[in-house]
2 protein chains.
Amino acid sequence: MERRLIAWLRERLPPHPLLRLGLGDDAAVIEMADVERCVVTTDLLSDGVDFIVGEVDPRRIGHKALGANLSDLAAMAAEPLAAVVSLLLPRDGAFELAVGLYEGMIPLAERYALALAGGDTNAWDGPLAVSATLLGRVTEQGPLRRDGAQPGDCVVVTGPLGGSILGRHLDVAPRVAEALDLHRRYNLHAGIDCSDGLSVDLTHLIEESGCGAVLDAASIPIHPDAHRLSEQRGDGVAPLEHALHDGEDFELILAVPPVDARRITADTAASIIGHFDGAPGLRIRDAAGTVRPLQPRGWEHA
Amino acid sequence: MERRLIAWLRERLPPHPLLRLGLGDDAAVIEMADVERCVVTTDLLSDGVDFIVGEVDPRRIGHKALGANLSDLAAMAAEPLAAVVSLLLPRDGAFELAVGLYEGMIPLAERYALALAGGDTNAWDGPLAVSATLLGRVTEQGPLRRDGAQPGDCVVVTGPLGGSILGRHLDVAPRVAEALDLHRRYNLHAGIDCSDGLSVDLTHLIEESGCGAVLDAASIPIHPDAHRLSEQRGDGVAPLEHALHDGEDFELILAVPPVDARRITADTAASIIGHFDGAPGLRIRDAAGTVRPLQPRGWEHA
């Protein structure tokens, strides 16, 4: 099955300028002469956790698997270079499923000039899992890290949050171009992508940076999906709660000095949603001006 | 659980000169200034296919997962640089299992100066799977590819084969140092590691090279495990058959011009076990001098 898939991929994949040796050998060879520092990230998605096989087109699963990894490159403000993909496929219909997954990955790879350099394909008696590892190039601005936020910086988010479970979590639009553009034009102190939820990811960022943050509830851009989800469920969970905790929005959360933050919000769709300070932990200011602690709870990886 | 594991790893992992940013961010940053071309390989191992959880110490599973990937770097004659590891863990005892796996990986990584740069750790309702992606540096001699064998070259194997299922398949001794040394000192035309079995892997090599090969049965080094396995099973499968088809020996199979092949066998434990020619397919010459086709059958990835 793996050889059949490699034959299919060899016909399907366009040549890539960085790929000196592609599929079919023990490993791929990638041109790195122009790469001073390389970013490496890996993300594994599995059936029942990140998607449900049978309920969704395999192409969307493939898209999400690659998109979530591209989002990690965006979080580092790195240029995509190459990817390798490992598949664990249920035996029944393994080849067809693998083709579907790649049909979702190939257009996304092409959009970001990402070389699909190789992988490992296995059939087994368990459910589907898709593991991708991506290489990216650190630009002259250096990597955008989690640990650079400073008291006084604004908390900036690149787009609206919440309700991704209605489908958007599959159709990841990684903020790669946005990250590279913002990192080149403005002074960014730190960044992370919103994969586990604003409250969780911002907590990671303040923990790594050794500071705290206060969110301004009224400023948080709430995605229409958060409103729809709240209405559909009718469980009393407000749209704001979805925006704070849902995750898988794949927007970027940035720490930006105020001058640059104001320029960013003037020039782009990004919003200032709070600020970093020297007090510990994450807090939120509600519409009445009351500040209370905000517990991180969202998609906690098990 | 993932954050607890990262905390454990941060205490446990030594600093690595190539690692500019390690665990805990969205991605790792690796120094690549001295790397012109980079080899990338990935191999995913799963419960019931590559090992059986419960029957074997998790440290040996971790060792095998990293060792099999190091063997792919050896097959390319590349210097190990860095690894990322994705784990899919059964929920029950996930942290302890992850620690066991890493306790098997860390000593092997240290031996080969491999930076454990990051990963993704997930618990789910399925069985254990371990995916590793390794980066290596192509040396001045270039990558050792599968497609360079020429008629007239000798088939060289770096060590004895067969019977790895008795336990050796877990205790992978990747031929990284041997590959780098041979590639520097001798003229090697092509290479592959013996993971799926001599008959299968040599078939990959001749297919990629567009030539054929004849093995000399009497010259194939048979591992004592192949004799033990044949005896234990008493199923009439000769030790030679195990050497030809078992796989997971993780020795290197090389295509080498005769002059260099003779020097290699004089200087090292490697053996000349046949030669490449212009006729199609893989064949074997038995003790009586009769040449017959040799069907590739070994560990065919599903």
# chains A, B, ... in the order shown; residues from 1 in each chain; ligands from 1
$ residues_around --residues "range 61-65 of chain A" --least-positions-apart "6" --cutoff "8 Å" --atoms "only C-alpha atoms" --output "PyMOL selection string"
chain A and resi 43-45+51+100-105+108+130-132+169-172
$ write_last_selection --atoms "C-alpha atoms" --output "PDB file, in the first residue's frame"
ATOM      1  CA  ASP A  43       1.638  18.060  15.607  1.00  0.00           C
ATOM      2  CA  LEU A  44      -0.230  14.786  15.673  1.00  0.00           C
ATOM      3  CA  LEU A  45      -3.992  14.658  15.087  1.00  0.00           C
ATOM      4  CA  PHE A  51     -11.743  15.014  13.921  1.00  0.00           C
ATOM      5  CA  GLY A 100      -8.091  11.738   0.422  1.00  0.00           C
ATOM      6  CA  LEU A 101      -5.836  13.079   3.159  1.00  0.00           C
ATOM      7  CA  TYR A 102      -3.143  14.057   0.672  1.00  0.00           C
ATOM      8  CA  GLU A 103      -5.744  15.659  -1.601  1.00  0.00           C
ATOM      9  CA  GLY A 104      -6.457  17.963   1.317  1.00  0.00           C
ATOM     10  CA  MET A 105      -2.789  18.598   2.054  1.00  0.00           C
ATOM     11  CA  LEU A 108      -2.398  23.919   1.182  1.00  0.00           C
ATOM     12  CA  VAL A 130      -1.956  11.887  11.155  1.00  0.00           C
ATOM     13  CA  SER A 131       1.402  13.230  12.258  1.00  0.00           C
ATOM     14  CA  ALA A 132       3.122  16.024  10.387  1.00  0.00           C
ATOM     15  CA  HIS A 169     -11.589  24.047  13.249  1.00  0.00           C
ATOM     16  CA  LEU A 170     -11.194  21.840  10.170  1.00  0.00           C
ATOM     17  CA  ASP A 171     -10.755  24.655   7.680  1.00  0.00           C
ATOM     18  CA  VAL A 172      -7.659  26.081   9.344  1.00  0.00           C
TER      19      VAL A 172
END
$ interface_residues --of "chain A" --to "chain B" --cutoff "7 Å" --atoms "only C-alpha atoms" --output "PyMOL selection string"
chain A and resi 1-2+25-33+35-44+72+75-76+84+86+119-120+122-123+126-127+133+145-146+192+301-302
$ write_last_selection --atoms "N, CA and C atoms" --output "tab-separated table (two decimals), in the first residue's frame"
chain	number	residue	atom	x	y	z
A	1	MET	N	0.83	-1.21	0.00
A	1	MET	CA	0.00	0.00	0.00
A	1	MET	C	0.87	1.27	0.00
A	2	GLU	N	1.95	1.25	0.84
A	2	GLU	CA	2.81	2.43	0.89
A	2	GLU	C	3.46	2.70	-0.47
A	25	ASP	N	13.27	7.37	-1.25
A	25	ASP	CA	14.54	6.95	-0.65
A	25	ASP	C	14.32	6.78	0.86
A	26	ASP	N	15.40	6.53	1.58
A	26	ASP	CA	15.25	6.38	3.04
A	26	ASP	C	14.91	7.70	3.71
A	27	ALA	N	15.24	8.80	3.04
A	27	ALA	CA	14.99	10.12	3.60
A	27	ALA	C	14.99	11.12	2.46
A	28	ALA	N	14.45	12.29	2.73
A	28	ALA	CA	14.46	13.37	1.75
A	28	ALA	C	15.69	14.23	1.98
A	29	VAL	N	16.12	14.92	0.94
A	29	VAL	CA	17.24	15.86	1.07
A	29	VAL	C	16.73	17.25	0.69
A	30	ILE	N	16.95	18.19	1.60
A	30	ILE	CA	16.41	19.54	1.44
A	30	ILE	C	17.54	20.55	1.42
A	31	GLU	N	17.46	21.46	0.47
A	31	GLU	CA	18.45	22.53	0.33
A	31	GLU	C	18.32	23.48	1.52
A	32	MET	N	19.43	23.73	2.21
A	32	MET	CA	19.38	24.57	3.40
A	32	MET	C	20.42	25.68	3.36
A	33	ALA	N	21.02	25.90	2.18
A	33	ALA	CA	22.13	26.85	2.09
A	33	ALA	C	21.70	28.24	2.55
A	35	VAL	N	19.41	28.90	4.78
A	35	VAL	CA	18.73	28.82	6.07
A	35	VAL	C	19.76	28.85	7.21
A	36	GLU	N	19.76	29.95	7.94
A	36	GLU	CA	20.68	30.07	9.07
A	36	GLU	C	20.16	29.30	10.28
A	37	ARG	N	18.88	29.51	10.55
A	37	ARG	CA	18.24	28.81	11.65
A	37	ARG	C	16.90	28.27	11.16
A	38	CYS	N	16.61	27.09	11.61
A	38	CYS	CA	15.47	26.36	11.12
A	38	CYS	C	14.50	26.12	12.27
A	39	VAL	N	13.22	26.31	11.99
A	39	VAL	CA	12.19	26.01	12.97
A	39	VAL	C	11.66	24.61	12.68
A	40	VAL	N	11.49	23.81	13.71
A	40	VAL	CA	10.91	22.47	13.53
A	40	VAL	C	9.71	22.34	14.45
A	41	THR	N	8.60	21.92	13.89
A	41	THR	CA	7.41	21.73	14.71
A	41	THR	C	6.70	20.46	14.30
A	42	THR	N	6.02	19.83	15.24
A	42	THR	CA	5.30	18.61	14.91
A	42	THR	C	3.99	18.59	15.68
A	43	ASP	N	2.96	18.09	15.01
A	43	ASP	CA	1.64	18.06	15.61
A	43	ASP	C	0.97	16.79	15.11
A	44	LEU	N	0.41	16.04	16.03
A	44	LEU	CA	-0.23	14.79	15.67
A	44	LEU	C	-1.72	14.90	15.94
A	72	ASP	N	1.63	26.61	13.65
A	72	ASP	CA	2.77	26.67	14.58
A	72	ASP	C	3.96	27.40	13.95
A	75	ALA	N	3.10	30.96	14.30
A	75	ALA	CA	3.31	31.41	15.68
A	75	ALA	C	4.77	31.77	15.93
A	76	MET	N	5.69	31.18	15.14
A	76	MET	CA	7.12	31.50	15.26
A	76	MET	C	7.52	32.56	14.23
A	84	VAL	N	7.14	16.55	6.40
A	84	VAL	CA	7.01	15.10	6.27
A	84	VAL	C	5.77	14.68	7.05
A	86	SER	N	3.44	11.41	8.60
A	86	SER	CA	3.26	9.99	8.93
A	86	SER	C	1.79	9.70	9.14
A	119	GLY	N	7.53	10.83	4.08
A	119	GLY	CA	6.67	10.40	5.17
A	119	GLY	C	6.75	8.92	5.42
A	120	ASP	N	5.82	8.46	6.20
A	120	ASP	CA	5.76	7.04	6.54
A	120	ASP	C	4.27	6.70	6.60
A	122	ASN	N	1.41	3.73	7.29
A	122	ASN	CA	1.20	2.44	7.94
A	122	ASN	C	-0.28	2.14	8.07
A	123	ALA	N	-0.64	0.88	7.88
A	123	ALA	CA	-2.01	0.45	8.18
A	123	ALA	C	-1.96	-0.39	9.47
A	126	GLY	N	-5.93	0.00	14.56
A	126	GLY	CA	-6.45	1.12	15.34
A	126	GLY	C	-7.07	2.19	14.46
A	127	PRO	N	-7.49	3.30	15.09
A	127	PRO	CA	-8.10	4.42	14.36
A	127	PRO	C	-7.05	5.26	13.63
A	133	THR	N	5.37	16.86	10.49
A	133	THR	CA	6.49	17.64	11.01
A	133	THR	C	6.87	18.65	9.95
A	145	ARG	N	8.93	34.34	19.73
A	145	ARG	CA	8.88	33.37	20.83
A	145	ARG	C	7.71	33.66	21.76
A	146	ARG	N	7.51	32.72	22.70
A	146	ARG	CA	6.46	32.91	23.70
A	146	ARG	C	6.93	33.75	24.88
A	192	ILE	N	1.94	33.51	20.02
A	192	ILE	CA	1.51	32.11	20.13
A	192	ILE	C	0.27	32.00	19.25
A	301	HIS	N	-4.68	19.69	26.30
A	301	HIS	CA	-4.22	18.40	25.77
A	301	HIS	C	-4.12	17.42	26.92
A	302	ALA	N	-4.69	16.24	26.72
A	302	ALA	CA	-4.86	15.25	27.79
A	302	ALA	C	-3.52	14.94	28.47
$ select_by_dssp --residues "range 123-164 of chain B" --states "strand (DSSP E)" --output "ChimeraX atom specification"
/B:123-124,129-138,154-157
$ residues_around --residues "Ala226 in chain A" --least-positions-apart "4" --cutoff "12 Å" --atoms "only C-alpha atoms" --output "list in words"
Pro160, Leu161, Gly162, Gly163, Ser164, Ile165, Leu166, Gly167, Arg168, Ile220, Pro221, Ile222, Ser230, Glu231, Gln232, Arg233, Gly234, Val237, Ala238, Pro239, Leu240, Glu241, His242, Ala243, Leu244, His245, Asp246, Gly247 and Asp249 of chain A
$ write_last_selection --atoms "C-alpha atoms" --output "compact mmCIF listing (two decimals), in the first residue's frame"
# COMPACT_ATOMS: atom_id res chain seq x y z
CA PRO A 160 -12.35 36.87 15.90
CA LEU A 161 -12.57 33.88 18.21
CA GLY A 162 -15.02 31.18 19.31
CA GLY A 163 -17.31 28.51 17.95
CA SER A 164 -14.75 26.83 15.68
CA ILE A 165 -16.32 23.47 16.54
CA LEU A 166 -19.10 24.32 14.07
CA GLY A 167 -16.61 23.49 11.32
CA ARG A 168 -13.97 26.20 11.19
CA ILE A 220 -12.52 40.67 22.41
CA PRO A 221 -13.67 40.05 18.83
CA ILE A 222 -16.32 37.36 18.94
CA SER A 230 -24.43 29.78 21.89
CA GLU A 231 -27.87 30.08 20.29
CA GLN A 232 -27.95 26.54 18.91
CA ARG A 233 -26.97 24.97 22.21
CA GLY A 234 -29.11 27.23 24.35
CA VAL A 237 -22.85 29.65 27.70
CA ALA A 238 -22.40 33.16 26.36
CA PRO A 239 -20.63 33.86 23.05
CA LEU A 240 -17.84 35.58 25.02
CA GLU A 241 -17.18 32.37 26.90
CA HIS A 242 -16.75 30.54 23.61
CA ALA A 243 -14.35 33.22 22.40
CA LEU A 244 -12.33 32.91 25.61
CA HIS A 245 -12.13 29.15 25.83
CA ASP A 246 -13.06 27.25 22.65
CA GLY A 247 -9.76 27.12 20.82
CA ASP A 249 -9.31 29.43 15.93
$ select_by_dssp --residues "range 228-275 of chain A" --states "helix (DSSP H, G or I)" --output "list in words"
Arg228, Leu229, Ser230, Glu231, Gln232, Arg233, Pro239, Leu240, Glu241, His242, Ala243, Leu244, His245, Pro258, Val259, Asp260, Ala261, Arg262, Arg263, Ile264, Thr265, Ala266 and Asp267 of chain A
$ write_last_selection --atoms "C-alpha atoms" --output "PDB file, in the first residue's frame"
ATOM      1  CA  ARG A 228     -24.489  30.710  16.512  1.00  0.00           C
ATOM      2  CA  LEU A 229     -23.117  28.034  18.815  1.00  0.00           C
ATOM      3  CA  SER A 230     -24.435  29.777  21.893  1.00  0.00           C
ATOM      4  CA  GLU A 231     -27.867  30.084  20.292  1.00  0.00           C
ATOM      5  CA  GLN A 232     -27.950  26.537  18.912  1.00  0.00           C
ATOM      6  CA  ARG A 233     -26.973  24.974  22.212  1.00  0.00           C
ATOM      7  CA  PRO A 239     -20.633  33.863  23.054  1.00  0.00           C
ATOM      8  CA  LEU A 240     -17.836  35.580  25.015  1.00  0.00           C
ATOM      9  CA  GLU A 241     -17.179  32.366  26.903  1.00  0.00           C
ATOM     10  CA  HIS A 242     -16.753  30.535  23.611  1.00  0.00           C
ATOM     11  CA  ALA A 243     -14.355  33.222  22.400  1.00  0.00           C
ATOM     12  CA  LEU A 244     -12.327  32.913  25.606  1.00  0.00           C
ATOM     13  CA  HIS A 245     -12.134  29.150  25.829  1.00  0.00           C
ATOM     14  CA  PRO A 258       1.403  50.116  22.483  1.00  0.00           C
ATOM     15  CA  VAL A 259       2.688  52.298  19.626  1.00  0.00           C
ATOM     16  CA  ASP A 260       3.041  49.314  17.307  1.00  0.00           C
ATOM     17  CA  ALA A 261      -0.199  47.775  18.539  1.00  0.00           C
ATOM     18  CA  ARG A 262      -2.123  50.905  17.579  1.00  0.00           C
ATOM     19  CA  ARG A 263      -0.488  50.913  14.147  1.00  0.00           C
ATOM     20  CA  ILE A 264      -1.346  47.227  13.670  1.00  0.00           C
ATOM     21  CA  THR A 265      -4.999  47.723  14.541  1.00  0.00           C
ATOM     22  CA  ALA A 266      -5.157  50.736  12.210  1.00  0.00           C
ATOM     23  CA  ASP A 267      -3.626  48.766   9.326  1.00  0.00           C
TER      24      ASP A 267
END
$ residues_around --residues "range 11-15 of chain A" --least-positions-apart "4" --cutoff "8 Å" --atoms "only C-alpha atoms" --output "PyMOL selection string"
chain A and resi 7+19+106+116
$ write_last_selection --atoms "C-alpha atoms" --output "PDB file, in the first residue's frame"
ATOM      1  CA  ALA A   7       3.753   6.048  -6.888  1.00  0.00           C
ATOM      2  CA  LEU A  19      13.815  19.311  -2.677  1.00  0.00           C
ATOM      3  CA  ILE A 106      -1.444  19.229  -1.455  1.00  0.00           C
ATOM      4  CA  LEU A 116       5.952  17.656   0.777  1.00  0.00           C
TER       5      LEU A 116
END
$ atom_distance --atom1 "CA of Phe250 in chain B" --atom2 "CA of Leu5 in chain A"
24.0 Å
